[in-house]
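J.: Below you'll find the structure I mean.
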Amino acid sequence: MNSTNGKEKLVVEVVAAHNLMPKDGEGSSSAFVEVEFDNQRLRTQVKDKDLNPIWNEKLVFDIKNVADLPYMNIDVNVFNERRSSNSRNFLGKVRVSGMHISKEGEGNPELYTLDKRSLFSHIRGELSLKIYISTREVKQVDFGSSTPSAFSKKNKKLHQQNPVMQMQQQHLGQEVSKSTQQGQNHAKPVEPNPGDIKPVVITTGPGPVIMGGGATVGGGRGSGEFSLKETSPDLGGGPLNKDKTSSTYDLVEQMQYLYVRVVKAKDILLFGGGDIVAEVKLGNYRGITKRAGSSNLEWDQVFAFSNDSIQSSMAEILVKESNKDDFLGRVWFDLSEVPRRVPPDSQLAPQWYRMEDKKGDKAKGGEVMVSIWFGTQADEAFAEAWHSKAANVHFDGLCSIKSKAYLSPKLWYLRVSVIEAQDIVPGDKGSMMMRFPELHAKLQVGNQVLRTRIAAPSATRSLSNPYWNEDFLFVVAEPFEDYLLIAVEDRVANRDEVVGRVFLPVSAIERRTDDKPVVSRWFNLDNHFAMTGFGSRIHLSVSLDGGYHVLDETTLYSSDVKPTAKQLWKPHIGVLETGILGATGLMPMKIKEGKGGSVDAYCVAKYGQKWVRTRTVVDSLSPKWNEQYTWEVYDPCTVITIGVFDNCRLDKNMINNSGGRDSRIGKVRIRLSTLESDRVYTHSYPLLMLHSTGVKKMGELHLAVRFSCSNMVSMLHMYTMPLLPKMHYVHPLAVNQLESLRYQAMNVVSSRLSRAEPPLGREVVEYMLDHDSHMWSMRRSKANFFRLMNVISGLVTICRWVESLRNWSKPVYSTLFVASFLTVVAFPEIIIPSMLLCMSLVGLWQYRSRPRYPPHMDTRLSQAENVFPDELDEEFDSFPTGRNADIVRLRYDRLRSVAGRIQTVVGDMATQGERFQALLSWRDPRATFLFVAFCLFAAIGFYAVPFKLVVVIWGLYELRPPRFRSKLPSPALSFIRRLPSKADNML
């Protein structure tokens, strides 16, 4: 089809497909692509017997009106041609919106994941397309055959492995990263359309397009780009680093710094009353102290200059007025003469140095007290020092870039039992005889509010003596600053009127560590609105339960399972040491004026009650922290969480733009029980984030982790102990109650940590504690379903193997199985020892293939590689939803479909169980009569016939060759299927 001069044409360049589903019954497919646009339909040629076909064909379509193109779609379908029956099988489809079509010469081939017709259809693979608008004459040609010498075997193999990358190298000569970036922009949906649901293009940050089928280093099934990588950093504990700091900083790389401490100055000649500052100058780097009044020239600040950034052989300290450029005094130091300090040596004492003025006269320049030395990050001054990389940070933001350690508040469960009340005067006295008072108790601690039910009238109790007898739990934190408010309210005219209240300070409440009952007490109610001649009172039982562990994390990722009361803690069993080395390839999170994309990254690590925050490395996509932290370990089956964030508090403009919320970059979880004792794990962990456009790699985090066990016997003994404290099993809490209490605990922790200096933002705490783990997600549901299928696949495999032996498909194996069966029957005492010995041998055999790396997030296991945009939009939607009615209706219908299948499966399982119950329930009297009679005769038979003979007869009968069997179901199975169930009683 030739184009006409002066008219735009839509060109769909079908490049290649990858990893298609075999549909011809012979393990392959003969694929072709059919493209439909504006009632025009064109197709490519058929590639016989190829699951990775390469077309390189251009399909040209007429465009009636270019202005209508953004409102139109291009439908691309892939089919398998069945020439024997003159039919075709569906292999997948892609729908491309006209909004994302580029002009000729601008775009690169983009990789699309093939869409399914339904949720349960079997479709896989990717399709590479290049779609653009052309104004010149274009012919529909196949330029794959014009490639010199076609394709060699080596090139063809490379095409099969990664066709997009190969075609870009041979035909386009451009970088893959550009294609990835355009694919990323293309896949970003503005609003999900019910008729336009296609799979997300999986992309990474600066890396290539991710293809399916890669294997992870750590044994996962995810793509290689998302895998764990082992690294070999030059740690401080290496053979070439044997200084005094190797024992405490042996999991990080030693970083050299020049430290300058400016303490104070004196004898400065001033001609005005301006503020005085001290400036430390080292090459192009300058550090300025806070302002000090002329009457008190004290700063006491430390400046740290990285050894990598030192561009001068001299360090200058200048004292000057804050609003002037001319200095009042100056002193300099030759860096070759600066001493080196190695902790735990004492800090270098500052000294007075005579300064010279701008004329070079030392008699009028005054004096400044300074100390200067070379050191590492092990120096005590490192955490509080001003760093050279933070030169552009305003003074108010300097505090937020320093490394800090935080402690979560000690959380307690406050248990309140509201039993009864006496002599309550209703709120509406005038209508007291006309109605029953509706009395209930409201309990409040901080922002936590709970209510009892309305006390029902009783014949044994008067209306003024309500009875509730209900238990409530709150989360409180030490130090106890809150009050427990208990108010008795009466519902009057659709409003609650307080008829009495009592305040109890939480600090005065009794603490307990066991399940012994707490003595209840009567408390007088204070009512300022009803002046009565007698006192109202309420009967309460109040206690602080220290035998529980207050869960602020999800149970699966708990880093601490100790009870609240410290006297119940057991000695720690080991030490966890983590070296946060650095990150590479971080995605830019914000735009800085004149610098383009940038990120100010810091790490937060959480284990137990201790939170740590590294310093913020300003304006670097590959920051290096090299900070080491230590935690005591009380239980090996716990998880440490390390998150990476972008600091948005360094500039007032950034605070206004981001709302003061730090952006998430990614996190890593490491379960301590998967680590070998005393081994240093140095790996690069991909930082994976699930966005509304799909899963993206935000960079890589480099860590060094070591779990040291002090007492192996104690650690092995922990595996025989319950995971949670004793009180969780003696007086268990309901699942819904635990989830509500966890939400309250998370609010308390985030509130306390946000009051620290520098504050740890609420968004950081919520992300580290997985605050949204309970939200519905179609992706997680599918992932859990496939996890369940993987668990039972071993049992299914065994059943199939036994069935193949029963079918005598391999007579030799079946004969050996029958002989083994007869041996086991003859010697039944070897059954259990044989099974245990077999499992031991299997375990020893698998020792050589044990995992050598910590487990990490698997994108395929998480169903993140083939997730649909609408499912992601639903997962990121707020609760309650903020989408329009059509989107909600679509999701509701899909949820009903999935729930209907689950309902059917659960109903079938219940039906089978009820049929077994009906064997003796006489629901079917004839069936029960037959079963009872069979049991009587079977009892007589088993008494008369030896048990071994019965088992031999049964086994030989089941293992008989197929020619002696009937294809009909067995009488026992037919009998079970005929039994009634309670499904007959359902509406």
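By order in the structure tokens, chains are A, B, ...; within a chain, residues start at 1; ligands start at 1, following the order shown.
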Among the residues of region 678-845 of chain A, find those DSSP assigns to alpha helix (DSSP H) from the backbone and print them as JSON, numbers by chain.

T.: {"A": [712, 713, 714, 715, 716, 717, 718, 727, 728, 729, 730, 735, 736, 737, 738, 739, 740, 741, 742, 743, 744, 745, 746, 747, 748, 749, 750, 751, 752, 753, 762, 763, 764, 765, 766, 767, 768, 778, 779, 780, 781, 782, 783, 784, 785, 786, 787, 788, 789, 790, 791, 792, 793, 794, 795, 796, 797, 798, 799, 800, 801, 802, 803, 804, 805, 806, 811, 812, 813, 814, 815, 816, 817, 818, 819, 820, 821, 822, 823, 824, 825, 826, 831, 832, 833, 834, 835, 836, 837, 838, 839, 840, 841, 842, 843, 844, 845]}

J.: Might you pull out every residue within 6 Å of His702 (chain A), with only C-alpha atoms counted and same-chain residues fewer than 6 positions away left off, and present them as a PyMOL selection string?

T.: chain A and resi 581-583+683-684

J.: Can you pull out every residue within 9 Å of region 735-744 of chain A, counting only C-alpha atoms, but drop anything in the same chain fewer than 2 positions away, and send it as a list in words?

T.: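 Here the answer would be Tyr413, Gln448, Leu473, Phe474, Val475, Val476, Val550, Leu551, Asp552, Glu553, Thr554, Leu733, Met746, Asn747, Val748, Val749, His771 and His774 of chain A.
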
J.: Could you turn the residues from that selection into a file that holds all heavy atoms, as a compact mmCIF listing (two decimals), in the first residue's frame?

T.:
# COMPACT_ATOMS: atom_id res chain seq x y z
N TYR A 413 -0.09 -2.27 76.90
CA TYR A 413 -1.53 -2.43 76.72
C TYR A 413 -2.23 -1.99 78.01
O TYR A 413 -1.94 -2.52 79.09
CB TYR A 413 -1.91 -3.88 76.41
CG TYR A 413 -1.65 -4.28 74.97
CD1 TYR A 413 -1.22 -5.58 74.66
CD2 TYR A 413 -1.85 -3.40 73.92
CE1 TYR A 413 -0.98 -5.96 73.36
CE2 TYR A 413 -1.60 -3.78 72.62
CZ TYR A 413 -1.18 -5.05 72.34
OH TYR A 413 -0.95 -5.42 71.04
N GLN A 448 -7.55 7.88 71.25
CA GLN A 448 -8.22 6.58 71.17
C GLN A 448 -9.52 6.64 71.96
O GLN A 448 -9.52 6.92 73.16
CB GLN A 448 -7.31 5.48 71.73
CG GLN A 448 -5.92 5.44 71.12
CD GLN A 448 -5.00 4.47 71.82
OE1 GLN A 448 -5.29 3.27 71.93
NE2 GLN A 448 -3.88 4.97 72.32
N LEU A 473 -9.08 -2.46 75.42
CA LEU A 473 -7.62 -2.34 75.42
C LEU A 473 -7.22 -1.07 74.69
O LEU A 473 -7.77 -0.74 73.62
CB LEU A 473 -6.97 -3.56 74.73
CG LEU A 473 -6.84 -4.84 75.55
CD1 LEU A 473 -6.22 -5.93 74.71
CD2 LEU A 473 -6.03 -4.62 76.81
N PHE A 474 -6.24 -0.37 75.27
CA PHE A 474 -5.65 0.81 74.65
C PHE A 474 -4.14 0.61 74.59
O PHE A 474 -3.57 -0.23 75.28
CB PHE A 474 -5.96 2.07 75.47
CG PHE A 474 -7.42 2.39 75.57
CD1 PHE A 474 -8.19 1.88 76.61
CD2 PHE A 474 -8.04 3.21 74.64
CE1 PHE A 474 -9.54 2.17 76.71
CE2 PHE A 474 -9.39 3.51 74.73
CZ PHE A 474 -10.14 2.99 75.78
N VAL A 475 -3.50 1.42 73.76
CA VAL A 475 -2.03 1.43 73.67
C VAL A 475 -1.54 2.74 74.27
O VAL A 475 -1.95 3.83 73.84
CB VAL A 475 -1.56 1.30 72.21
CG1 VAL A 475 -0.05 1.40 72.13
CG2 VAL A 475 -2.03 -0.03 71.62
N VAL A 476 -0.67 2.63 75.26
CA VAL A 476 -0.07 3.80 75.89
C VAL A 476 1.44 3.62 75.89
O VAL A 476 1.95 2.50 75.77
CB VAL A 476 -0.58 4.00 77.33
CG1 VAL A 476 -2.06 4.35 77.32
CG2 VAL A 476 -0.34 2.76 78.18
N VAL A 550 3.49 -5.55 72.57
CA VAL A 550 2.63 -4.64 71.81
C VAL A 550 3.12 -4.62 70.37
O VAL A 550 4.23 -4.14 70.07
CB VAL A 550 2.65 -3.23 72.41
CG1 VAL A 550 1.74 -2.30 71.62
CG2 VAL A 550 2.22 -3.28 73.87
N LEU A 551 2.32 -5.14 69.49
CA LEU A 551 2.70 -5.26 68.08
C LEU A 551 2.49 -3.94 67.37
O LEU A 551 1.36 -3.44 67.28
CB LEU A 551 1.87 -6.36 67.40
CG LEU A 551 2.15 -7.80 67.84
CD1 LEU A 551 1.07 -8.73 67.32
CD2 LEU A 551 3.51 -8.25 67.35
N ASP A 552 3.58 -3.35 66.89
CA ASP A 552 3.48 -2.19 66.01
C ASP A 552 3.92 -2.52 64.59
O ASP A 552 3.84 -1.68 63.70
CB ASP A 552 4.31 -1.02 66.55
CG ASP A 552 5.78 -1.40 66.73
OD1 ASP A 552 6.08 -2.60 66.68
OD2 ASP A 552 6.60 -0.49 66.91
N GLU A 553 4.40 -3.75 64.37
CA GLU A 553 4.78 -4.24 63.04
C GLU A 553 3.87 -5.41 62.68
O GLU A 553 3.17 -5.97 63.53
CB GLU A 553 6.24 -4.72 63.05
CG GLU A 553 7.23 -3.69 63.54
CD GLU A 553 8.59 -4.30 63.82
OE1 GLU A 553 8.70 -5.05 64.80
OE2 GLU A 553 9.52 -4.03 63.06
N THR A 554 3.90 -5.79 61.43
CA THR A 554 3.19 -7.00 61.03
C THR A 554 3.88 -8.22 61.64
O THR A 554 5.09 -8.23 61.84
CB THR A 554 3.17 -7.13 59.50
OG1 THR A 554 4.51 -7.15 59.01
CG2 THR A 554 2.42 -5.98 58.87
N LEU A 733 -5.70 -12.41 72.12
CA LEU A 733 -6.46 -11.27 71.61
C LEU A 733 -7.02 -11.63 70.24
O LEU A 733 -6.41 -12.38 69.47
CB LEU A 733 -5.56 -10.04 71.49
CG LEU A 733 -4.84 -9.62 72.78
CD1 LEU A 733 -3.92 -8.44 72.50
CD2 LEU A 733 -5.83 -9.27 73.87
N MET A 746 1.13 2.13 66.08
CA MET A 746 1.89 2.81 65.04
C MET A 746 1.70 4.32 65.13
O MET A 746 2.65 5.09 64.93
CB MET A 746 1.45 2.30 63.67
CG MET A 746 2.26 2.80 62.50
SD MET A 746 1.82 1.96 60.99
CE MET A 746 0.05 2.26 60.96
N ASN A 747 0.50 4.77 65.48
CA ASN A 747 0.27 6.19 65.66
C ASN A 747 1.07 6.75 66.83
O ASN A 747 1.63 7.85 66.76
CB ASN A 747 -1.22 6.46 65.89
CG ASN A 747 -2.02 6.36 64.62
OD1 ASN A 747 -1.49 6.52 63.53
ND2 ASN A 747 -3.30 6.09 64.74
N VAL A 748 1.14 5.99 67.92
CA VAL A 748 1.91 6.44 69.09
C VAL A 748 3.39 6.53 68.75
O VAL A 748 4.07 7.51 69.09
CB VAL A 748 1.67 5.49 70.28
CG1 VAL A 748 2.58 5.84 71.44
CG2 VAL A 748 0.21 5.54 70.73
N VAL A 749 3.93 5.51 68.06
CA VAL A 749 5.35 5.51 67.71
C VAL A 749 5.68 6.67 66.77
O VAL A 749 6.67 7.40 66.96
CB VAL A 749 5.75 4.16 67.08
CG1 VAL A 749 7.16 4.21 66.53
CG2 VAL A 749 5.63 3.05 68.11
N HIS A 771 2.30 0.04 57.08
CA HIS A 771 0.98 0.44 57.57
C HIS A 771 -0.16 0.03 56.65
O HIS A 771 -1.29 -0.10 57.08
CB HIS A 771 0.94 1.96 57.77
CG HIS A 771 0.85 2.73 56.47
ND1 HIS A 771 1.90 2.80 55.58
CD2 HIS A 771 -0.16 3.43 55.91
CE1 HIS A 771 1.54 3.52 54.54
NE2 HIS A 771 0.30 3.92 54.71
N HIS A 774 -2.61 -4.41 55.19
CA HIS A 774 -3.91 -5.06 55.30
C HIS A 774 -4.85 -4.67 54.17
O HIS A 774 -5.95 -5.22 54.08
CB HIS A 774 -4.56 -4.67 56.63
CG HIS A 774 -4.87 -3.20 56.74
ND1 HIS A 774 -3.89 -2.26 56.97
CD2 HIS A 774 -6.03 -2.51 56.63
CE1 HIS A 774 -4.44 -1.06 57.01
NE2 HIS A 774 -5.72 -1.17 56.80

J.: With only C-alpha atoms as the atoms that count, which of A:Asp678, A:Asp870, A:Asp526, A:Glu763 lies nearest to Val425 (chain A)?

T.: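 Of A:Asp678, A:Asp870, A:Asp526, A:Glu763, the one nearest Val425 (chain A), counting only C-alpha atoms, is A:Asp526.
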
J.: Just give me the gap between CA of Thr452 (chain A) and CA of His549 (chain A) in Å, one decimal is fine.

T.: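 Distance reported for this atom pair: 25.2 Å.
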
J.: Give me the residues within 8 Å of region 341-347 of chain A as a PyMOL selection string, counting only C-alpha atoms and dropping any in the same chain fewer than 2 places off.

T.: chain A and resi 244-245+339+349+373-376+378-379

J.: Mind writing the picked residues with all heavy atoms as a PDB file, in the first residue's frame?

T.:
ATOM      1  N   LYS A 244      43.121   0.347  65.304  1.00  0.00           N
ATOM      2  CA  LYS A 244      42.324   0.130  66.503  1.00  0.00           C
ATOM      3  C   LYS A 244      40.828   0.131  66.225  1.00  0.00           C
ATOM      4  O   LYS A 244      40.052  -0.364  67.033  1.00  0.00           O
ATOM      5  CB  LYS A 244      42.657   1.208  67.534  1.00  0.00           C
ATOM      6  CG  LYS A 244      44.093   1.181  68.011  1.00  0.00           C
ATOM      7  CD  LYS A 244      44.343   2.279  69.020  1.00  0.00           C
ATOM      8  CE  LYS A 244      45.795   2.275  69.473  1.00  0.00           C
ATOM      9  NZ  LYS A 244      46.059   3.353  70.454  1.00  0.00           N
ATOM     10  N   THR A 245      40.418   0.716  65.135  1.00  0.00           N
ATOM     11  CA  THR A 245      38.985   0.791  64.849  1.00  0.00           C
ATOM     12  C   THR A 245      38.468  -0.435  64.129  1.00  0.00           C
ATOM     13  O   THR A 245      37.279  -0.525  63.854  1.00  0.00           O
ATOM     14  CB  THR A 245      38.682   2.033  63.990  1.00  0.00           C
ATOM     15  OG1 THR A 245      39.377   1.892  62.740  1.00  0.00           O
ATOM     16  CG2 THR A 245      39.143   3.293  64.683  1.00  0.00           C
ATOM     17  N   PRO A 339      47.858  16.579  62.461  1.00  0.00           N
ATOM     18  CA  PRO A 339      47.997  15.242  63.066  1.00  0.00           C
ATOM     19  C   PRO A 339      46.822  14.338  62.722  1.00  0.00           C
ATOM     20  O   PRO A 339      45.764  14.788  62.269  1.00  0.00           O
ATOM     21  CB  PRO A 339      48.044  15.544  64.567  1.00  0.00           C
ATOM     22  CG  PRO A 339      47.271  16.808  64.711  1.00  0.00           C
ATOM     23  CD  PRO A 339      47.554  17.611  63.463  1.00  0.00           C
ATOM     24  N   ALA A 349      42.832  18.459  72.011  1.00  0.00           N
ATOM     25  CA  ALA A 349      42.470  19.671  72.744  1.00  0.00           C
ATOM     26  C   ALA A 349      42.617  20.888  71.839  1.00  0.00           C
ATOM     27  O   ALA A 349      43.629  21.046  71.156  1.00  0.00           O
ATOM     28  CB  ALA A 349      43.352  19.824  73.977  1.00  0.00           C
ATOM     29  N   TRP A 373      42.385  18.060  62.837  1.00  0.00           N
ATOM     30  CA  TRP A 373      43.002  16.732  62.787  1.00  0.00           C
ATOM     31  C   TRP A 373      42.378  15.913  61.653  1.00  0.00           C
ATOM     32  O   TRP A 373      41.310  16.248  61.141  1.00  0.00           O
ATOM     33  CB  TRP A 373      42.823  16.001  64.120  1.00  0.00           C
ATOM     34  CG  TRP A 373      41.406  15.563  64.420  1.00  0.00           C
ATOM     35  CD1 TRP A 373      40.832  14.356  64.190  1.00  0.00           C
ATOM     36  CD2 TRP A 373      40.379  16.373  65.015  1.00  0.00           C
ATOM     37  NE1 TRP A 373      39.522  14.337  64.592  1.00  0.00           N
ATOM     38  CE2 TRP A 373      39.230  15.558  65.115  1.00  0.00           C
ATOM     39  CE3 TRP A 373      40.307  17.694  65.478  1.00  0.00           C
ATOM     40  CZ2 TRP A 373      38.020  16.031  65.646  1.00  0.00           C
ATOM     41  CZ3 TRP A 373      39.114  18.159  66.010  1.00  0.00           C
ATOM     42  CH2 TRP A 373      38.003  17.326  66.093  1.00  0.00           C
ATOM     43  N   PHE A 374      43.071  14.848  61.269  1.00  0.00           N
ATOM     44  CA  PHE A 374      42.551  13.876  60.314  1.00  0.00           C
ATOM     45  C   PHE A 374      41.983  12.693  61.090  1.00  0.00           C
ATOM     46  O   PHE A 374      42.578  12.233  62.079  1.00  0.00           O
ATOM     47  CB  PHE A 374      43.646  13.383  59.362  1.00  0.00           C
ATOM     48  CG  PHE A 374      43.903  14.285  58.203  1.00  0.00           C
ATOM     49  CD1 PHE A 374      45.042  15.089  58.164  1.00  0.00           C
ATOM     50  CD2 PHE A 374      43.016  14.344  57.147  1.00  0.00           C
ATOM     51  CE1 PHE A 374      45.288  15.920  57.101  1.00  0.00           C
ATOM     52  CE2 PHE A 374      43.250  15.188  56.071  1.00  0.00           C
ATOM     53  CZ  PHE A 374      44.385  15.977  56.055  1.00  0.00           C
ATOM     54  N   GLY A 375      40.848  12.174  60.637  1.00  0.00           N
ATOM     55  CA  GLY A 375      40.211  11.026  61.282  1.00  0.00           C
ATOM     56  C   GLY A 375      39.293  10.315  60.318  1.00  0.00           C
ATOM     57  O   GLY A 375      39.252  10.611  59.113  1.00  0.00           O
ATOM     58  N   THR A 376      38.547   9.356  60.826  1.00  0.00           N
ATOM     59  CA  THR A 376      37.605   8.571  60.028  1.00  0.00           C
ATOM     60  C   THR A 376      36.195   8.791  60.567  1.00  0.00           C
ATOM     61  O   THR A 376      35.966   9.599  61.471  1.00  0.00           O
ATOM     62  CB  THR A 376      37.959   7.074  60.081  1.00  0.00           C
ATOM     63  OG1 THR A 376      37.799   6.613  61.426  1.00  0.00           O
ATOM     64  CG2 THR A 376      39.395   6.843  59.633  1.00  0.00           C
ATOM     65  N   ALA A 378      34.775   6.880  62.416  1.00  0.00           N
ATOM     66  CA  ALA A 378      34.721   6.372  63.783  1.00  0.00           C
ATOM     67  C   ALA A 378      34.915   7.467  64.811  1.00  0.00           C
ATOM     68  O   ALA A 378      34.722   7.230  66.006  1.00  0.00           O
ATOM     69  CB  ALA A 378      35.796   5.291  63.982  1.00  0.00           C
ATOM     70  N   ASP A 379      35.263   8.659  64.360  1.00  0.00           N
ATOM     71  CA  ASP A 379      35.487   9.763  65.287  1.00  0.00           C
ATOM     72  C   ASP A 379      34.171  10.189  65.926  1.00  0.00           C
ATOM     73  O   ASP A 379      33.118  10.207  65.275  1.00  0.00           O
ATOM     74  CB  ASP A 379      36.108  10.938  64.534  1.00  0.00           C
ATOM     75  CG  ASP A 379      36.831  11.883  65.468  1.00  0.00           C
ATOM     76  OD1 ASP A 379      36.149  12.535  66.279  1.00  0.00           O
ATOM     77  OD2 ASP A 379      38.070  11.954  65.396  1.00  0.00           O
TER      78      ASP A 379
END

J.: Just the residues within 10 Å of Ser541 (chain A), please, counting only C-alpha atoms, with nothing from its chain fewer than 3 positions along; format it as an NGL selection string.

T.: :A and (415-419 or 469 or 471 or 510 or 517-522)

J.: Okay, now the selection with C-alpha atoms, as a PDB file, in the first residue's frame?

T.:
ATOM      1  CA  ARG A 415      -6.810  -2.953  79.944  1.00  0.00           C
ATOM      2  CA  VAL A 416     -10.028  -1.418  81.245  1.00  0.00           C
ATOM      3  CA  SER A 417     -12.992  -3.529  82.362  1.00  0.00           C
ATOM      4  CA  VAL A 418     -16.160  -1.473  82.728  1.00  0.00           C
ATOM      5  CA  ILE A 419     -18.402  -3.563  84.965  1.00  0.00           C
ATOM      6  CA  ASN A 469     -19.118  -5.947  82.009  1.00  0.00           C
ATOM      7  CA  ASP A 471     -13.216  -5.258  78.410  1.00  0.00           C
ATOM      8  CA  GLU A 510      -1.378  -0.809  88.559  1.00  0.00           C
ATOM      9  CA  PRO A 517      -6.917 -10.958  88.194  1.00  0.00           C
ATOM     10  CA  VAL A 518      -6.772  -7.289  89.127  1.00  0.00           C
ATOM     11  CA  VAL A 519      -8.814  -6.128  92.088  1.00  0.00           C
ATOM     12  CA  SER A 520     -11.700  -4.014  90.852  1.00  0.00           C
ATOM     13  CA  ARG A 521     -12.553  -0.692  92.486  1.00  0.00           C
ATOM     14  CA  TRP A 522     -15.409   1.778  92.695  1.00  0.00           C
TER      15      TRP A 522
END

J.: Quick one: of A:Asn39, A:Ser408, A:Ser313, A:Thr513, who's nearest to Arg752 (chain A), counting only C-alpha atoms?

T.: A:Ser408

J.: Would you give me, as a PyMOL selection string, the residues in region 370-607 of chain A that DSSP reads as strand (DSSP E)?

T.: chain A and resi 370-375+386-387+404-407+411-422+439-445+448-451+467-477+483-492+495-505+511-512+521-524+537-545+574-584+590-592+596-598+601-607

J.: With a distance cut-off of 12 Å and only C-alpha atoms, select the neighbouring residues of Lys610 (chain A), excluding the residue or stretch itself and same-chain residues fewer than 4 positions from it, and output the selection as a PyMOL selection string.

T.: chain A and resi 404-410+559-560+604-606+629-633+640-641+749+753

J.: For CA of Pro828 (chain A) and CA of Val802 (chain A), determine how far apart the two atoms are, in Å to one decimal place.

T.: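 Between CA of Pro828 (chain A) and CA of Val802 (chain A) the gap is 20.0 Å.
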